[in-house]
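A.B. asks: Here it is, the structure, as structure tokens.
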Amino acid sequence: MRTDADDGTDLVRLHESTAAQYNLRAAPMRSDEAAPAHPASDSTMPDSPSRHDATARAAVRALAASQIREVANEGMDSPDILAFWFGEPDEVTPAFIREAGAASLARGETFYTQNFGIPPLRAALAEYLSRLHRPTPESNVAVTASGMSALMLVVEALVAPGDRVVVVTPLWPNLVEIPKILSAQVECVPLTFRAGEWTLDLDHLLAALTPRTRLVMINSPNNPTGWTLTSAEQRTILEHCRRHGIWLVADDVYERLYYREDAPAAPSFLDFADPEERVVSTNSFSKSWLMTGWRLGWIVAPPALMADLGKLIEYNTSCSPAFVQHAGVAAITQGEATVAHTRARFRRARDYLVGELARLPGIEVAAPAGAMYAFFRVDGLSDSFAYCKRLVHEARLGLAPGSAFGPEGEGFVRWCFASDEARLADGVHRLARFLGSAQIG
Ligand SMILES: Cc1ncc(COP(=O)(O)O)c(C=O)c1O
């Protein structure tokens, strides 16, 4: 429930990610793909095909458009659509965080900051991470303008064209597409869905992590499945990466949204990795502190990488806005109650939604260990993209197609449960009515 009466925004306007906003289909390959990128300009030359070709380079044109966004485009402008398609909490950022941002603006803090972030925020993050995981000096922490930007920066720092990058899928599409922007080869290792649960075949992953692999990216707890690595699995993966010199990037955005045990966070590579080794963690203020629109995140990286990360921050965003960083200081230093509230609220929402969905005919669903999505299987479903479009038009319900998260997601639908129970109940009611009348396809 939004607590800001004057907020006035409809949930359908909320967005999940930068890339999810790209509503463009990749253009087909051109016949002149091998032509030089910048042919000599000569106004006396006759028109050439390349002169009027104003498209992006091939790797960018080949990026997949977001199917989540395509489904949302079918109904975003209709106020009667009940939307759960994006990964975004429905509560406004807590007042003490907004006030810290507003106070910074009132002080006139409208200037560039240090590339790595303002000292109080780096210090607060270092203290927070040292408490949650391992002793972390602030010199190993870089503040970024979102978790998305953190991922992009790390991949820019580590991946060259042709490098082999391994990811575990189903997965938030941005993680699969980011390395492709750098012209890397992405290989997907699929989780398997057995008896209602997503599990990793660890041997399969280790076999994919060959000495020719540059980087493995793992999002745990995972969007969309909620699958979460155990600490023992993490140790095995890290040992293997060490043996082959493979970089490990952990996308820890959902680490505080973990429901399995009474642990303060999901198991993390940061709990035992050597601070000097090839392990990077990326994170975000978006989910646990309810700050999606602020665009604030961070990176924890080995000291040897930091100077180069600083250059990349300079050449990407230069810094995140000062007032946003001051809001971040409030979130980190005073926000444990917010995290606890968010986690308890999402756990209740998860239990409610999963319980309700499990009662519907032809739906297989299990309570996820972490993150904020129910990823459920629909009996007989072979085209989740078309199905979710039908849900928009016929049930006025906005969900995300499983196929958006990789081929293993086909047959599934993702529902973000970071929402109050009345909305969830209305959504379940709409789905039940639709299932009663629909032919699955
Ligand atoms: C797995 C995962 N990583 C990273 C992010 C990035 O979050 P943000 O860019 O809002 O910080 C998201 C957002 O949906 C996500 O689901």
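Labels for the structure tokens follow display order: chains A, B, ..., residues from 1 in each chain, ligands from 1.
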Residues up to 7 Å from ligand 1, counting only C-alpha atoms and all ligand atoms: could you list those as a list in words?
C.D. replies: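 The residues near ligand 1 are Glu16, Ser17, Thr18, Gly87, Ser146, Gly147, Met148, Ser149, Trp172, Asn219, Asn222, Asn223, Asp251, Val253, Asn283, Ser284, Phe285, Ser286, Thr292, Arg295, Leu296 and Gly297 of chain A.
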A.B. asks: Keeping C-alpha atoms, export the residues of the selection given above as a tab-separated table (two decimals), in the first residue's frame.
C.D. replies:
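Final output, again07.tsv:
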chain	number	residue	atom	x	y	z
A	16	GLU	CA	11.64	-2.67	-13.14
A	17	SER	CA	14.83	-1.83	-14.87
A	18	THR	CA	16.61	0.24	-17.40
A	87	GLY	CA	9.79	-6.18	-9.79
A	146	SER	CA	21.73	1.71	-9.33
A	147	GLY	CA	22.29	-2.01	-9.10
A	148	MET	CA	21.88	-2.12	-12.85
A	149	SER	CA	24.73	0.34	-13.30
A	172	TRP	CA	16.31	-11.47	-14.95
A	219	ASN	CA	21.90	-13.97	-8.85
A	222	ASN	CA	17.17	-15.39	-7.88
A	223	ASN	CA	14.78	-13.32	-9.92
A	251	ASP	CA	24.24	-10.09	-7.88
A	253	VAL	CA	20.19	-7.43	-4.78
A	283	ASN	CA	23.87	-4.61	-4.75
A	284	SER	CA	21.07	-2.06	-4.72
A	285	PHE	CA	18.96	0.12	-2.45
A	286	SER	CA	15.93	-0.52	-4.68
A	292	THR	CA	13.66	1.83	-6.93
A	295	ARG	CA	18.79	4.75	-8.66
A	296	LEU	CA	21.39	3.87	-6.07
A	297	GLY	CA	23.53	0.77	-5.65
A.B. asks: How would you write, as a PyMOL selection string, the set of residues in region 332-390 of chain A that DSSP gives as alpha helix (DSSP H)?
C.D. replies: chain A and resi 332-334+336-358+384-390
A.B. asks: Counting only C-alpha atoms, which residues in region 173-291 of chain A sit no more than 8 Å from region 92-98 of chain A? For each one, give the nearest pair of atoms and the distance in Å, sorted by chain then residue number, as JSON lines.
C.D. replies:
{"residue": "A:Trp289", "atom": "CA", "partner": "A:Thr93", "partner_atom": "CA", "distance": 7.1}
{"residue": "A:Leu290", "atom": "CA", "partner": "A:Thr93", "partner_atom": "CA", "distance": 5.1}
{"residue": "A:Met291", "atom": "CA", "partner": "A:Thr93", "partner_atom": "CA", "distance": 5.6}
A.B. asks: Take the residues just selected and output them with C-alpha atoms as a PDB file, in the first residue's frame.
C.D. replies:
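What follows is the written file selection27.pdb:
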ATOM      1  CA  TRP A 289      14.875  -0.033   1.290  1.00  0.00           C
ATOM      2  CA  LEU A 290      12.002   0.629  -1.160  1.00  0.00           C
ATOM      3  CA  MET A 291      14.084   2.991  -3.312  1.00  0.00           C
TER       4      MET A 291
END
A.B. asks: For region 68-159 of chain A versus region 366-380 of chain A, which residues have an atom no more than 12 Å away, and what is each residue's nearest atom pair and distance in Å rounded to one decimal, using only C-alpha atoms, chain-then-number order, as a Markdown table?
C.D. replies:
| residue | atom | partner | partner_atom | distance |
| --- | --- | --- | --- | --- |
| A:Phe84 | CA | A:Tyr373 | CA | 9.4 |
| A:Trp85 | CA | A:Tyr373 | CA | 9.8 |
| A:Phe86 | CA | A:Tyr373 | CA | 9.8 |
| A:Gly87 | CA | A:Met372 | CA | 7.5 |
| A:Glu88 | CA | A:Met372 | CA | 8.7 |
| A:Pro89 | CA | A:Met372 | CA | 8.7 |
| A:Asp90 | CA | A:Met372 | CA | 11.7 |
A.B. asks: Residues as selected, N, CA and C atoms, written as a PDB file, in the first residue's frame, can you do that?
C.D. replies:
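Saved result, selection_26.pdb, follows:
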ATOM      1  N   PHE A  84       1.184  -6.694 -11.795  1.00  0.00           N
ATOM      2  CA  PHE A  84       2.214  -7.283 -10.935  1.00  0.00           C
ATOM      3  C   PHE A  84       3.397  -7.702 -11.812  1.00  0.00           C
ATOM      4  N   TRP A  85       3.542  -7.058 -12.970  1.00  0.00           N
ATOM      5  CA  TRP A  85       4.532  -7.536 -13.951  1.00  0.00           C
ATOM      6  C   TRP A  85       5.952  -7.095 -13.633  1.00  0.00           C
ATOM      7  N   PHE A  86       6.112  -5.936 -12.980  1.00  0.00           N
ATOM      8  CA  PHE A  86       7.471  -5.457 -12.716  1.00  0.00           C
ATOM      9  C   PHE A  86       7.914  -5.828 -11.304  1.00  0.00           C
ATOM     10  N   GLY A  87       9.232  -5.824 -11.104  1.00  0.00           N
ATOM     11  CA  GLY A  87       9.786  -6.178  -9.794  1.00  0.00           C
ATOM     12  C   GLY A  87       9.985  -4.945  -8.949  1.00  0.00           C
ATOM     13  N   GLU A  88       8.878  -4.500  -8.343  1.00  0.00           N
ATOM     14  CA  GLU A  88       8.976  -3.258  -7.596  1.00  0.00           C
ATOM     15  C   GLU A  88       8.017  -3.267  -6.411  1.00  0.00           C
ATOM     16  N   PRO A  89       8.521  -2.936  -5.202  1.00  0.00           N
ATOM     17  CA  PRO A  89       7.618  -2.838  -4.057  1.00  0.00           C
ATOM     18  C   PRO A  89       6.579  -1.744  -4.297  1.00  0.00           C
ATOM     19  N   ASP A  90       5.390  -1.903  -3.707  1.00  0.00           N
ATOM     20  CA  ASP A  90       4.317  -0.936  -3.937  1.00  0.00           C
ATOM     21  C   ASP A  90       4.280   0.164  -2.889  1.00  0.00           C
TER      22      ASP A  90
END
A.B. asks: When you count only C-alpha atoms, which of these residues is closest to Tyr259 (chain A): A:Ala340, A:Leu63, A:Ala157, A:Val365?
C.D. replies: A:Ala340
A.B. asks: Ranking A:Arg343, A:Lys311, A:Leu381, A:His429 by minimum distance to Leu357 (chain A) and counting only C-alpha atoms, which one comes first?
C.D. replies: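 Counting only C-alpha atoms, the residue closest to Leu357 (chain A) is A:His429.
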A.B. asks: Do a neighbour search on Leu200 (chain A) at 10 Å with only C-alpha atoms, toss out local chain neighbours closer than 2 positions, and write the hits as a list in words.
C.D. replies: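 So the residues in contact are Val168, Thr169, Val189, Pro190, Leu191, Thr192, Phe193, Trp198, Leu202, Asp203, His204, Leu205, Trp227, Thr228, Leu229 and Glu233 of chain A.
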A.B. asks: Which of these residues is nearest to Pro161 (chain A), using only C-alpha atoms: A:Thr225, A:Arg433, A:Ile81, A:Val186?
C.D. replies: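 Among the listed residues, A:Val186 lies closest to Pro161 (chain A).
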A.B. asks: Could you list, as a PyMOL selection string, every residue within 7 Å of Leu121 (chain A), counting only C-alpha atoms and ignoring same-chain residues fewer than 6 positions away?
C.D. replies: chain A and resi 325+328-329
A.B. asks: Would you output that residue set with C-alpha atoms, as a tab-separated table (two decimals), in the first residue's frame?
C.D. replies:
chain	number	residue	atom	x	y	z
A	325	GLN	CA	23.58	9.43	-1.74
A	328	GLY	CA	21.32	6.31	1.02
A	329	VAL	CA	23.23	7.21	4.21
A.B. asks: Between CA of Thr333 (chain A) and CA of Ser288 (chain A), what is the spacing in Å?
C.D. replies: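 Rounded to one decimal, the two atoms are 13.6 Å apart.
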